[in-house]
Structure formats: structure tokens, C-alpha cells
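*Asks:* Here you go, structure_20.tsv (TSV, C-alpha atoms (C1' of nucleotides)):
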```
chain	number	residue	atom	x	y	z
A	58	MET	CA	-22.76	67.71	-77.43
A	59	SER	CA	-21.35	69.40	-80.41
A	60	GLN	CA	-18.50	71.85	-80.75
A	61	ALA	CA	-18.78	72.05	-84.52
A	62	ASP	CA	-20.67	69.28	-86.09
A	63	GLN	CA	-20.08	70.41	-89.61
A	64	LEU	CA	-19.46	66.75	-90.23
A	65	ASP	CA	-22.49	65.77	-92.17
A	66	ARG	CA	-21.93	68.30	-94.88
A	67	PRO	CA	-20.65	66.88	-98.14
A	68	THR	CA	-16.97	67.66	-98.53
A	69	GLY	CA	-15.09	68.13	-101.72
A	70	GLY	CA	-13.24	64.92	-101.02
A	71	GLY	CA	-9.81	66.29	-100.23
A	72	GLU	CA	-9.33	66.83	-96.50
A	73	ALA	CA	-10.69	63.53	-95.24
A	74	VAL	CA	-7.97	63.35	-92.62
A	75	SER	CA	-9.00	66.49	-90.77
A	76	LYS	CA	-12.60	65.27	-90.85
A	77	SER	CA	-11.69	61.95	-89.28
A	78	ARG	CA	-9.67	63.72	-86.59
A	79	LEU	CA	-12.59	66.03	-85.89
A	80	ARG	CA	-14.93	63.09	-85.71
A	81	ALA	CA	-12.64	61.27	-83.29
A	82	TRP	CA	-12.29	64.38	-81.15
A	83	LEU	CA	-16.05	64.83	-80.88
A	84	GLN	CA	-16.43	61.25	-79.71
A	85	VAL	CA	-13.67	61.66	-77.15
A	86	LEU	CA	-15.29	64.84	-75.90
A	87	LYS	CA	-18.67	63.18	-75.54
A	88	LEU	CA	-17.22	60.21	-73.72
A	89	SER	CA	-15.26	62.27	-71.26
A	90	ARG	CA	-18.21	64.55	-70.67
A	91	SER	CA	-20.60	61.70	-69.93
A	92	ILE	CA	-18.14	59.93	-67.66
A	93	GLU	CA	-17.34	63.10	-65.79
A	94	THR	CA	-21.03	63.78	-65.33
A	95	ALA	CA	-21.59	60.29	-63.92
A	96	LEU	CA	-18.57	60.57	-61.62
A	97	ARG	CA	-19.63	64.00	-60.40
A	98	GLU	CA	-23.09	62.75	-59.49
A	99	ARG	CA	-21.69	59.76	-57.63
A	100	MET	CA	-19.08	61.81	-55.81
A	101	ARG	CA	-21.79	64.13	-54.64
A	102	SER	CA	-24.35	61.53	-53.61
A	103	GLU	CA	-21.90	59.02	-52.11
A	104	PHE	CA	-19.37	61.33	-50.50
A	105	GLY	CA	-20.81	64.82	-50.59
A	106	SER	CA	-17.73	65.80	-52.54
A	107	THR	CA	-16.67	66.93	-55.99
A	108	LEU	CA	-14.29	65.88	-58.73
A	109	PRO	CA	-11.90	68.82	-58.32
A	110	ARG	CA	-11.61	68.08	-54.61
A	111	PHE	CA	-10.95	64.43	-55.38
A	112	ASP	CA	-8.29	65.41	-57.91
A	113	VAL	CA	-6.45	67.54	-55.37
A	114	LEU	CA	-6.56	64.77	-52.77
A	115	ALA	CA	-5.33	62.25	-55.35
A	116	ALA	CA	-2.37	64.42	-56.26
A	117	LEU	CA	-1.48	64.93	-52.61
A	118	ASP	CA	-1.86	61.27	-51.78
A	119	ARG	CA	0.99	60.52	-54.14
A	120	ALA	CA	3.21	63.27	-52.76
A	121	GLU	CA	4.57	62.00	-49.44
A	122	THR	CA	6.02	65.34	-48.45
A	123	GLY	CA	3.24	67.51	-49.82
A	124	MET	CA	3.15	69.83	-52.79
A	125	ARG	CA	3.38	73.54	-53.43
A	126	MET	CA	0.34	75.36	-54.68
A	127	SER	CA	1.99	75.91	-58.03
A	128	ASP	CA	2.92	72.22	-58.27
A	129	LEU	CA	-0.72	71.36	-57.74
A	130	SER	CA	-1.78	73.85	-60.36
A	131	ARG	CA	0.61	72.31	-62.87
A	132	ALA	CA	-0.23	68.71	-61.99
A	133	LEU	CA	-3.98	69.26	-62.26
A	134	MET	CA	-3.73	71.51	-65.31
A	135	VAL	CA	-5.81	74.23	-63.71
A	136	SER	CA	-5.11	77.86	-62.89
A	137	ASN	CA	-3.51	79.12	-59.68
A	138	GLY	CA	-6.60	80.98	-58.58
A	139	ASN	CA	-8.62	77.85	-58.97
A	140	VAL	CA	-6.31	75.84	-56.74
A	141	THR	CA	-6.49	78.53	-54.08
A	142	GLY	CA	-10.25	78.17	-53.81
A	143	ILE	CA	-10.36	74.39	-53.76
A	144	VAL	CA	-7.54	74.19	-51.22
A	145	ASP	CA	-9.29	76.77	-49.03
A	146	ARG	CA	-12.34	74.54	-48.81
A	147	LEU	CA	-10.39	71.37	-48.19
A	148	VAL	CA	-8.51	73.08	-45.38
A	149	ASP	CA	-11.82	74.21	-43.89
A	150	ASP	CA	-12.91	70.57	-43.90
A	151	GLY	CA	-9.73	69.44	-42.20
A	152	LEU	CA	-8.67	67.16	-45.05
A	153	ILE	CA	-5.46	69.00	-45.85
A	154	VAL	CA	-3.19	71.58	-44.21
A	155	ARG	CA	-1.07	74.42	-45.47
A	156	ALA	CA	2.43	74.73	-44.08
A	157	PRO	CA	5.07	77.37	-44.71
A	158	VAL	CA	8.11	76.47	-46.79
A	159	GLN	CA	11.51	76.65	-45.12
A	160	GLY	CA	13.49	79.38	-46.78
A	161	ASP	CA	10.77	80.67	-49.10
A	162	ARG	CA	8.15	82.75	-47.46
A	163	ARG	CA	6.08	83.17	-50.60
A	164	ALA	CA	5.30	79.51	-51.02
A	165	TRP	CA	3.07	77.06	-49.19
A	166	ILE	CA	3.33	73.33	-48.89
A	167	VAL	CA	-0.03	71.58	-48.87
A	168	ARG	CA	-0.37	68.05	-47.54
A	169	LEU	CA	-3.00	65.56	-46.45
A	170	THR	CA	-4.06	65.23	-42.85
A	171	ASN	CA	-4.66	61.73	-41.51
A	172	LYS	CA	-8.33	62.38	-41.93
A	173	GLY	CA	-7.73	63.43	-45.52
A	174	ARG	CA	-5.63	60.39	-46.27
A	175	GLN	CA	-8.27	58.04	-44.94
A	176	HIS	CA	-11.03	59.87	-46.73
A	177	PHE	CA	-9.17	59.68	-50.01
A	178	ALA	CA	-8.38	55.97	-49.61
A	179	THR	CA	-12.07	55.22	-49.32
A	180	MET	CA	-12.96	57.32	-52.32
A	181	ALA	CA	-10.15	56.05	-54.52
A	182	GLN	CA	-11.21	52.46	-54.15
A	183	VAL	CA	-14.79	53.17	-55.15
A	184	HIS	CA	-13.66	55.53	-57.88
A	185	GLU	CA	-11.79	52.74	-59.63
A	186	GLN	CA	-14.86	50.55	-59.49
A	187	TRP	CA	-16.96	53.31	-61.00
A	188	ILE	CA	-14.57	53.72	-63.91
A	189	ASP	CA	-14.53	50.01	-64.49
A	190	GLU	CA	-18.29	50.02	-64.58
A	191	LEU	CA	-18.67	53.13	-66.72
A	192	LEU	CA	-16.18	51.76	-69.21
A	193	GLY	CA	-17.69	48.30	-69.11
A	194	GLY	CA	-18.24	48.49	-72.85
A	195	LEU	CA	-14.50	48.67	-73.36
A	196	ALA	CA	-12.93	45.27	-74.00
A	197	PRO	CA	-9.55	44.72	-72.32
A	198	GLY	CA	-7.69	44.85	-75.61
A	199	ASP	CA	-9.50	48.03	-76.61
A	200	ALA	CA	-8.60	49.63	-73.31
A	201	ARG	CA	-4.92	49.10	-74.00
A	202	THR	CA	-5.29	50.30	-77.58
A	203	LEU	CA	-7.13	53.38	-76.40
A	204	ASP	CA	-4.43	54.10	-73.84
A	205	ARG	CA	-1.72	53.73	-76.46
A	206	ILE	CA	-3.38	55.88	-79.13
A	207	VAL	CA	-4.41	58.65	-76.79
A	208	SER	CA	-0.98	58.76	-75.16
A	209	ALA	CA	0.60	59.11	-78.59
A	210	ALA	CA	-1.86	61.82	-79.57
A	211	ARG	CA	-1.05	63.74	-76.41
A	212	ARG	CA	2.66	63.58	-77.02
A	213	GLY	CA	2.10	64.81	-80.56
A	214	GLY	CA	0.16	67.91	-79.48
A	215	GLU	CA	1.83	71.13	-78.47
A	216	ASP	CA	1.29	71.16	-74.72
A	217	GLN	CA	2.73	68.16	-72.98
A	218	THR	CA	2.00	67.13	-69.42
B	230	MET	CA	-4.14	65.90	-63.83
B	231	SER	CA	-5.05	62.99	-61.71
B	232	GLN	CA	-8.43	61.82	-60.50
B	233	ALA	CA	-7.00	58.81	-58.69
B	234	ASP	CA	-3.58	57.87	-59.76
B	235	GLN	CA	-3.35	54.83	-57.60
B	236	LEU	CA	-1.90	53.25	-60.67
B	237	ASP	CA	1.69	52.95	-59.70
B	238	ARG	CA	0.97	50.90	-56.63
B	239	PRO	CA	1.78	47.23	-56.93
B	240	THR	CA	-1.39	45.22	-57.36
B	241	GLY	CA	-2.02	41.72	-56.24
B	242	GLY	CA	-2.19	40.64	-59.84
B	243	GLY	CA	-5.87	39.92	-60.16
B	244	GLU	CA	-7.84	42.95	-61.41
B	245	ALA	CA	-5.62	43.95	-64.29
B	246	VAL	CA	-8.64	44.79	-66.41
B	247	SER	CA	-9.96	47.53	-64.16
B	248	LYS	CA	-6.45	48.98	-63.96
B	249	SER	CA	-6.14	49.15	-67.73
B	250	ARG	CA	-9.53	50.80	-68.00
B	251	LEU	CA	-8.57	53.32	-65.35
B	252	ARG	CA	-5.32	54.00	-67.13
B	253	ALA	CA	-7.11	54.54	-70.43
B	254	TRP	CA	-9.63	56.83	-68.77
B	255	LEU	CA	-6.94	59.01	-67.24
B	256	GLN	CA	-5.30	59.41	-70.61
B	257	VAL	CA	-8.59	60.32	-72.24
B	258	LEU	CA	-9.28	62.85	-69.50
B	259	LYS	CA	-5.89	64.47	-69.88
B	260	LEU	CA	-6.22	64.66	-73.64
B	261	SER	CA	-9.64	66.21	-73.59
B	262	ARG	CA	-8.62	68.65	-70.89
B	263	SER	CA	-5.56	69.83	-72.75
B	264	ILE	CA	-7.41	70.17	-76.03
B	265	GLU	CA	-10.27	72.05	-74.43
B	266	THR	CA	-7.80	74.37	-72.75
B	267	ALA	CA	-6.09	75.09	-76.07
B	268	LEU	CA	-9.41	75.62	-77.84
B	269	ARG	CA	-10.69	77.91	-75.09
B	270	GLU	CA	-7.62	80.10	-75.33
B	271	ARG	CA	-7.88	80.36	-79.09
B	272	MET	CA	-11.61	81.06	-79.02
B	273	ARG	CA	-10.98	83.87	-76.62
B	274	SER	CA	-8.00	85.43	-78.34
B	275	GLU	CA	-9.22	84.96	-81.92
B	276	PHE	CA	-12.93	85.59	-81.52
B	277	GLY	CA	-13.48	86.95	-78.03
B	278	SER	CA	-15.78	84.01	-77.50
B	279	THR	CA	-16.01	80.81	-75.49
B	280	LEU	CA	-16.44	77.10	-76.07
B	281	PRO	CA	-19.95	76.86	-74.60
B	282	ARG	CA	-21.10	79.67	-76.87
B	283	PHE	CA	-19.53	77.93	-79.84
B	284	ASP	CA	-21.25	74.68	-78.87
B	285	VAL	CA	-24.65	76.34	-78.80
B	286	LEU	CA	-24.09	78.00	-82.16
B	287	ALA	CA	-22.88	74.69	-83.65
B	288	ALA	CA	-25.99	72.88	-82.49
B	289	LEU	CA	-28.23	75.61	-83.88
B	290	ASP	CA	-26.36	75.74	-87.17
B	291	ARG	CA	-27.41	72.17	-87.82
B	292	ALA	CA	-31.03	72.79	-86.88
B	293	GLU	CA	-32.62	74.62	-89.78
B	294	THR	CA	-35.80	75.41	-87.91
B	295	GLY	CA	-34.20	76.09	-84.54
B	296	MET	CA	-34.25	74.11	-81.32
B	297	ARG	CA	-36.07	74.21	-78.04
B	298	MET	CA	-34.14	75.07	-74.92
B	299	SER	CA	-34.57	71.53	-73.65
B	300	ASP	CA	-33.34	70.10	-76.97
B	301	LEU	CA	-30.23	72.20	-76.61
B	302	SER	CA	-29.74	71.03	-73.08
B	303	ARG	CA	-29.95	67.40	-74.16
B	304	ALA	CA	-27.78	67.85	-77.23
B	305	LEU	CA	-25.02	69.61	-75.33
B	306	MET	CA	-25.30	67.39	-72.27
B	307	VAL	CA	-25.55	70.32	-69.90
B	308	SER	CA	-28.20	71.42	-67.42
B	309	ASN	CA	-31.24	73.48	-68.28
B	310	GLY	CA	-30.18	76.39	-66.16
B	311	ASN	CA	-26.86	76.46	-67.89
B	312	VAL	CA	-28.43	76.78	-71.31
B	313	THR	CA	-30.59	79.64	-70.12
B	314	GLY	CA	-27.54	81.69	-69.19
B	315	ILE	CA	-25.57	81.02	-72.35
B	316	VAL	CA	-28.57	81.70	-74.56
B	317	ASP	CA	-29.26	84.94	-72.69
B	318	ARG	CA	-25.81	86.22	-73.56
B	319	LEU	CA	-25.98	85.09	-77.19
B	320	VAL	CA	-29.31	86.85	-77.55
B	321	ASP	CA	-27.79	90.00	-76.07
B	322	ASP	CA	-25.09	89.80	-78.73
B	323	GLY	CA	-27.64	89.41	-81.51
B	324	LEU	CA	-26.32	86.02	-82.62
B	325	ILE	CA	-29.52	84.10	-81.84
B	326	VAL	CA	-33.17	84.85	-81.16
B	327	ARG	CA	-35.84	83.31	-78.99
B	328	ALA	CA	-39.27	82.76	-80.51
B	329	PRO	CA	-42.46	81.42	-78.97
B	330	VAL	CA	-43.65	77.95	-79.96
B	331	GLN	CA	-47.00	77.57	-81.68
B	332	GLY	CA	-49.30	75.67	-79.38
B	333	ASP	CA	-47.02	75.39	-76.35
B	334	ARG	CA	-46.59	78.52	-74.37
B	335	ARG	CA	-44.09	76.95	-72.00
B	336	ALA	CA	-41.48	76.42	-74.66
B	337	TRP	CA	-39.13	78.61	-76.68
B	338	ILE	CA	-37.53	78.00	-80.03
B	339	VAL	CA	-34.03	79.36	-80.36
B	340	ARG	CA	-32.43	79.93	-83.74
B	341	LEU	CA	-29.50	81.67	-85.38
B	342	THR	CA	-29.75	85.16	-86.77
B	343	ASN	CA	-27.98	85.89	-90.04
B	344	LYS	CA	-25.26	87.51	-88.03
B	345	GLY	CA	-25.02	84.40	-85.87
B	346	ARG	CA	-24.86	82.11	-88.86
B	347	GLN	CA	-22.07	84.08	-90.47
B	348	HIS	CA	-20.19	84.33	-87.23
B	349	PHE	CA	-20.42	80.59	-86.68
B	350	ALA	CA	-19.31	79.78	-90.23
B	351	THR	CA	-16.11	81.70	-89.69
B	352	MET	CA	-15.42	80.05	-86.37
B	353	ALA	CA	-16.26	76.53	-87.51
B	354	GLN	CA	-13.75	76.62	-90.31
B	355	VAL	CA	-10.92	77.69	-88.05
B	356	HIS	CA	-12.07	75.32	-85.33
B	357	GLU	CA	-11.62	72.34	-87.62
B	358	GLN	CA	-8.11	73.47	-88.45
B	359	TRP	CA	-7.29	73.81	-84.76
B	360	ILE	CA	-8.44	70.27	-84.06
B	361	ASP	CA	-6.45	68.97	-86.98
B	362	GLU	CA	-3.39	70.73	-85.63
B	363	LEU	CA	-3.92	69.74	-81.98
B	364	LEU	CA	-4.41	66.13	-82.98
B	365	GLY	CA	-1.54	66.21	-85.43
B	366	GLY	CA	0.06	63.35	-83.57
B	367	LEU	CA	-2.86	61.14	-84.50
B	368	ALA	CA	-2.24	59.11	-87.64
B	369	PRO	CA	-5.24	58.77	-89.99
B	370	GLY	CA	-5.70	55.10	-89.15
B	371	ASP	CA	-5.46	55.81	-85.45
B	372	ALA	CA	-8.09	58.53	-85.74
B	373	ARG	CA	-10.54	56.02	-87.18
B	374	THR	CA	-9.62	53.41	-84.58
B	375	LEU	CA	-10.06	55.97	-81.82
B	376	ASP	CA	-13.44	56.97	-83.19
B	377	ARG	CA	-14.55	53.35	-83.35
B	378	ILE	CA	-13.36	52.35	-79.86
B	379	VAL	CA	-14.69	55.43	-78.13
B	380	SER	CA	-18.04	55.14	-79.87
B	381	ALA	CA	-18.31	51.55	-78.70
B	382	ALA	CA	-17.33	52.49	-75.15
B	383	ARG	CA	-20.00	55.17	-75.11
B	384	ARG	CA	-22.69	52.79	-76.26
B	385	GLY	CA	-21.62	50.34	-73.58
B	386	GLY	CA	-21.94	52.87	-70.74
B	387	GLU	CA	-25.22	53.58	-69.02
B	388	ASP	CA	-26.07	57.00	-70.38
B	389	GLN	CA	-26.39	57.11	-74.12
B	390	THR	CA	-26.51	60.24	-76.22
C	130	DT	C1'	25.34	96.22	-52.02
C	131	DG	C1'	21.44	97.58	-54.67
C	132	DC	C1'	18.01	97.12	-57.90
C	133	DA	C1'	15.67	95.13	-61.90
C	134	DA	C1'	13.65	90.79	-63.30
C	135	DA	C1'	11.51	86.57	-62.35
C	136	DA	C1'	8.78	83.63	-59.55
C	137	DT	C1'	5.02	82.66	-56.30
C	138	DA	C1'	0.66	83.25	-54.34
C	139	DT	C1'	-3.47	85.66	-53.86
C	140	DT	C1'	-7.30	88.64	-55.26
C	141	DT	C1'	-10.71	90.35	-58.41
C	142	DA	C1'	-13.93	90.17	-62.11
C	143	DT	C1'	-16.42	87.44	-65.20
C	144	DG	C1'	-18.40	83.46	-67.00
C	145	DC	C1'	-19.55	78.43	-66.83
C	146	DT	C1'	-21.85	74.65	-64.36
C	147	DT	C1'	-24.63	72.15	-61.40
C	148	DG	C1'	-28.60	70.88	-58.49
C	149	DA	C1'	-32.53	72.37	-56.30
C	150	DA	C1'	-36.39	75.15	-55.96
C	151	DG	C1'	-39.80	77.93	-58.14
C	152	DT	C1'	-43.25	79.42	-61.80
C	153	DA	C1'	-46.11	78.60	-65.45
C	154	DA	C1'	-48.31	75.83	-68.95
C	155	DT	C1'	-49.76	71.43	-70.61
C	156	DT	C1'	-51.26	66.72	-70.33
C	157	DT	C1'	-53.15	62.89	-67.86
C	158	DT	C1'	-56.27	60.71	-64.93
C	159	DC	C1'	-60.39	59.82	-62.95
D	162	DG	C1'	-63.86	69.16	-66.05
D	163	DA	C1'	-61.05	69.52	-61.92
D	164	DA	C1'	-57.08	67.59	-59.46
D	165	DA	C1'	-52.69	65.55	-60.14
D	166	DA	C1'	-48.73	64.75	-62.67
D	167	DT	C1'	-45.64	66.10	-66.11
D	168	DT	C1'	-43.05	69.25	-68.91
D	169	DA	C1'	-40.53	73.69	-69.99
D	170	DC	C1'	-38.08	77.10	-68.54
D	171	DT	C1'	-36.03	80.34	-65.10
D	172	DT	C1'	-33.88	81.66	-60.81
D	173	DC	C1'	-30.75	81.02	-57.10
D	174	DA	C1'	-26.70	79.69	-54.38
D	175	DA	C1'	-22.50	77.48	-54.38
D	176	DG	C1'	-18.57	75.90	-56.54
D	177	DC	C1'	-15.43	75.61	-60.52
D	178	DA	C1'	-12.51	77.94	-63.96
D	179	DT	C1'	-10.03	81.44	-66.29
D	180	DA	C1'	-7.35	85.78	-67.10
D	181	DA	C1'	-5.63	89.84	-65.43
D	182	DA	C1'	-4.03	92.60	-61.72
D	183	DT	C1'	-1.63	92.99	-57.30
D	184	DA	C1'	1.57	92.01	-53.62
D	185	DT	C1'	5.41	89.85	-51.98
D	186	DT	C1'	9.67	87.36	-52.14
D	187	DT	C1'	13.62	85.60	-54.27
D	188	DT	C1'	17.14	85.67	-57.72
D	189	DG	C1'	20.45	87.54	-60.97
D	190	DC	C1'	23.76	90.57	-61.89
D	191	DA	C1'	26.16	94.91	-62.43
```
Do you think you could lay out the structure here as C-alpha cells?

*Replies:*
Amino acid sequence: MSQADQLDRPTGGGEAVSKSRLRAWLQVLKLSRSIETALRERMRSEFGSTLPRFDVLAALDRAETGMRMSDLSRALMVSNGNVTGIVDRLVDDGLIVRAPVQGDRRAWIVRLTNKGRQHFATMAQVHEQWIDELLGGLAPGDARTLDRIVSAARRGGEDQT
Amino acid sequence: MSQADQLDRPTGGGEAVSKSRLRAWLQVLKLSRSIETALRERMRSEFGSTLPRFDVLAALDRAETGMRMSDLSRALMVSNGNVTGIVDRLVDDGLIVRAPVQGDRRAWIVRLTNKGRQHFATMAQVHEQWIDELLGGLAPGDARTLDRIVSAARRGGEDQT
DNA sequence: TGCAAAATATTTATGCTTGAAGTAATTTTC
DNA sequence: GAAAATTACTTCAAGCATAAATATTTTGCA
């Protein structure tokens, strides 16, 4: 993992702040990459599924009445075309359905089937255990601190969500 | 963004620790996704390049004598096949070269060309500014705290790097 | 009403990514 | 010194991801 490790070069001594931000970012990137890798492997071996599929199911599980494609795209922070492909496959597997929207023939509402809801419930439970295990090195107090700092950093950036 | 947002459901009151870890993880995931999205867009519009290409160049910039393909794969935490493709394209663009390894005809050493080194230097400088800007909401002290906590969490997990 | 502008969804092209399988070279084992 | 195991890299298929282009529908407004 890298994405610019010009960290070990001696600096003049002025812009220490940008260096410490860069350093923090690289750590965050490494952590999220290693956790995502571990989750992906487990999703595949335990459920024959993927993270993007799980993300779509998770979003729909919270939306009682379903979501539009564009809502999904926004919620998951991925492109429209991407959602189309993932939804296509989930529909093929009978985990979700597309339904037309009353009064707007461009849009589609996507929602879980019973099968999809059950499938997600099983995965979600195990998923939380995996996170707990993968972040075992994170003391309870540190977890809250991390949550607080990262939330603040996100609000400070330019693109909210 | 989601990946299991079963956070807002009332819990019995027992496993608060796993909930706080899950919450922290979801924040970390959202942050890294939004920053990567912003960086990707800027890499494309400013340099006509991509993050994976930048990552490879960054790793090679630090390795005076070049790196093997498998070293790159480990350093970037991506699969072997992935590295092959990215390196192929960078070679096509004249930014890096492949050279045989003395005494091991299976392996290849990859290193920057002069063109590649110059190109990376330009990008790295701007990249650091982007990070500084995207993490502008992160106070200097928080950046160090974040670095420390995330580093500890990574060492606690199962896959080191 | 009628038509331009905006919104929504899909399609297309390209590149990233993985996991598995394949090829070739090297090292280990006996 | 030959068979077996390991290591290094590539190739392949499938899925993920984006940006740009297209098609369609709805909305705004003159």
C-alpha cells in the first residue's frame, strides 16, 4: 500500500501538518483495504456473495418501501451504471425485485424479496461479528474516539454524505 | 454507503462494544471511499491517470533499485494478476521498465524510467496538497491521534502489512 | 399548449480487481 | 540427480467501477 509515500524524505520543517494528515490518511487507507479484503474473502467463502451485493441488500433492508435506483446510487456512493449491474444480478438470484413507480415511468423501485430479507438477516449478523473480530485491536474507548474523529473529518471535507 | 447498517435497531444492551466498533468501521469506510473518489477524479482530470497507477509509481519511487512484481503485489496489497495489468500499461506509456533478474529467470524487476520519475514527482506534490485539503477538517492533534489509533487497530488485526 | 431544460435510467467503453488455473523456473527432498 | 514442492509471473473469466453517451420521461415556463 502506498499512494505517495514521500513521507520518509526530510522536510524543510514547515508543513508538518500536511505531513501528519498524509500519514493518517495512508494508515486509514491501509486499514480499510485490509478489512475490505478480509470481508470480501469471507463473504465469498461463507455466502458465495460479494461486498457490493451485501451493501445493496443492507440499504434495502432499511428501506421498508424500497428505493429508487438513483437513491441506491447516492446511498452507496457509487455510479448509476454500477448499481444497474449489481441489481441485475440480485434480481436474477431472486433476492430483490424491480417494480415500476406510480406516476413516473422512468424510475424503478427496488425492494427485497422475502428470500432476500432472510438472506440479508443471516449475513448481517455474521458481518457484525467479523468486524468485531477484525477490529479486535481497537479498545472500546478508541473505537468511540475513532468514530468521532473520522465523522468530524468527513464533515469537514467537501463532499458530504 | 452501508455495509450493514443494522445500527439503528434497538439492542438488548449487552454487546455495546461490537456496535461501537461497527459504527467506527462504517465511518472509516465512508471516509476512505469519499476521499478515494475525490482523488480518482482529480487524478483523471489533472493528469489523465488513475490511483492504481499512482500507487505503483509511488512504490517504485521509494525503491532505488526497483521491485519485483511480487514485492509490488505485497506492498500494494493487491493480487498478482492485478499488478501485471497495471504494470503492462505503465510500460506501454514509458513510465517504467521491466528488467530480468540476475540468477532467477522467473522474476522481473520493475523500475521507474526518468520520465516516470519526473511524472511521479509532479503528481506526488499535488497529491499531498489534495490530501491536506480533503482532510482539512482534521485538526493537527486529531491527525496524530487518528494515525496512532488506526496503526494500533491494524497491528491488532490478523493480517499485518 | 408546446417546447426547452432537467431528471432518471440504461448502455457502452475502458480500466481495476479478484480468484483460479496455467506455465515456467527454482528449490527441496530423498 | 530426478521427482516433488515451491515460487514467480501471466492469463482468463467474472464482477466491480467509472465516465460519457443515449433514450426516455417529467417539469418549467412562455

*Asks:* Extract, using all atoms listed in the file, all DNA, RNA and protein residues at most 10 Å from DT183 of chain D, discarding same-chain residues fewer than 3 positions from it, and format them as a list in words.

*Replies:*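 In the requested format, the answer is DT139, DT140 and DT141 of chain C.
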
*Asks:* Could you write out as number ranges by chain the residues of chain B within 10 Å of chain C, counting only C-alpha atoms (C1' of nucleotides)?

*Replies:* B: 279-281, 307-312, 314-315, 332-336

*Asks:* Write out as a tab-separated table the residues of chain A that have any atom within 7 Å of an atom of chain B, one row each with the nearest atom pair and its distance in Å to one decimal, counting only C-alpha atoms, sorted by chain and then rising number.

*Replies:*
```
residue	atom	partner	partner_atom	distance
A:Met58	CA	B:Leu305	CA	3.6
A:Ser59	CA	B:Asp284	CA	5.5
A:Gln60	CA	B:Asp284	CA	4.4
A:Ala61	CA	B:Ala287	CA	5.0
A:Asp62	CA	B:Ala287	CA	6.3
A:Val74	CA	B:Pro369	CA	5.9
A:Ser75	CA	B:Asp361	CA	5.2
A:Ser77	CA	B:Ala372	CA	6.1
A:Arg78	CA	B:Ala372	CA	5.5
A:Leu79	CA	B:Ile360	CA	6.2
A:Arg80	CA	B:Asp376	CA	6.8
A:Ala81	CA	B:Asp376	CA	4.4
A:Gln84	CA	B:Asp376	CA	6.3
A:Val85	CA	B:Val379	CA	6.4
A:Leu86	CA	B:Ser261	CA	6.3
A:Leu88	CA	B:Arg383	CA	5.9
A:Ser89	CA	B:Leu258	CA	6.3
A:Phe111	CA	B:Gln232	CA	6.3
A:Asp112	CA	B:Gln232	CA	4.4
A:Ala115	CA	B:Ala233	CA	5.1
A:Ala116	CA	B:Ser231	CA	6.2
A:Ala132	CA	B:Met230	CA	5.2
A:Leu133	CA	B:Met230	CA	3.7
A:Met134	CA	B:Met230	CA	5.8
A:Ala181	CA	B:Ala233	CA	5.9
A:Glu185	CA	B:Leu251	CA	6.6
A:Ile188	CA	B:Leu251	CA	6.2
A:Asp189	CA	B:Ser247	CA	5.2
A:Leu191	CA	B:Gly386	CA	5.2
A:Leu192	CA	B:Gly386	CA	6.1
A:Gly193	CA	B:Gly385	CA	6.3
A:Gly194	CA	B:Gly385	CA	3.9
A:Leu195	CA	B:Ala382	CA	5.1
A:Pro197	CA	B:Val246	CA	6.0
A:Asp199	CA	B:Ile378	CA	6.6
A:Ala200	CA	B:Arg250	CA	5.5
A:Arg201	CA	B:Ser249	CA	6.4
A:Leu203	CA	B:Ala253	CA	6.1
A:Asp204	CA	B:Ala253	CA	4.4
A:Ile206	CA	B:Asp371	CA	6.7
A:Val207	CA	B:Gln256	CA	6.3
A:Ser208	CA	B:Gln256	CA	6.3
A:Ala209	CA	B:Gly366	CA	6.6
A:Ala210	CA	B:Gly366	CA	4.7
A:Arg211	CA	B:Leu260	CA	5.9
A:Gly213	CA	B:Gly366	CA	3.9
A:Gly214	CA	B:Leu363	CA	5.1
A:Glu215	CA	B:Leu363	CA	6.9
```

*Asks:* Using all atoms listed in the file and a cut-off of 8 Å, which residues of chain D sit close to chain A? Please list them as a PyMOL selection string.

*Replies:* chain D and resi 177-179+185-187

*Asks:* For C-alpha atoms (C1' of nucleotides), I'd like the residues from the last selection saved as a PDB file, in the frame of the given file.

*Replies:*
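The resulting file, result-v7.pdb, is shown below:
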```
ATOM      1  C1'  DC D 177     -15.430  75.610 -60.520  1.00  0.00           C
ATOM      2  C1'  DA D 178     -12.510  77.940 -63.960  1.00  0.00           C
ATOM      3  C1'  DT D 179     -10.030  81.440 -66.290  1.00  0.00           C
ATOM      4  C1'  DT D 185       5.410  89.850 -51.980  1.00  0.00           C
ATOM      5  C1'  DT D 186       9.670  87.360 -52.140  1.00  0.00           C
ATOM      6  C1'  DT D 187      13.620  85.600 -54.270  1.00  0.00           C
TER       7       DT D 187
END
```

*Asks:* Rounded to one decimal, what separation in Å do you get between atom CA of Thr122 of chain A and atom CA of Lys172 of chain A?

*Replies:* 16.0 Å

*Asks:* Calculate how many Å separate atom CA of Leu152 of chain A from atom CA of Trp165 of chain A, rounding to one decimal.

*Replies:*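 Pair atom CA of Leu152 of chain A / atom CA of Trp165 of chain A returns 15.9 Å.
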
*Asks:* Quick one: pull the distance between atom CA of Leu341 of chain B and atom CA of Asp322 of chain B, Å, one decimal.

*Replies:*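 So the answer is 11.4 Å.
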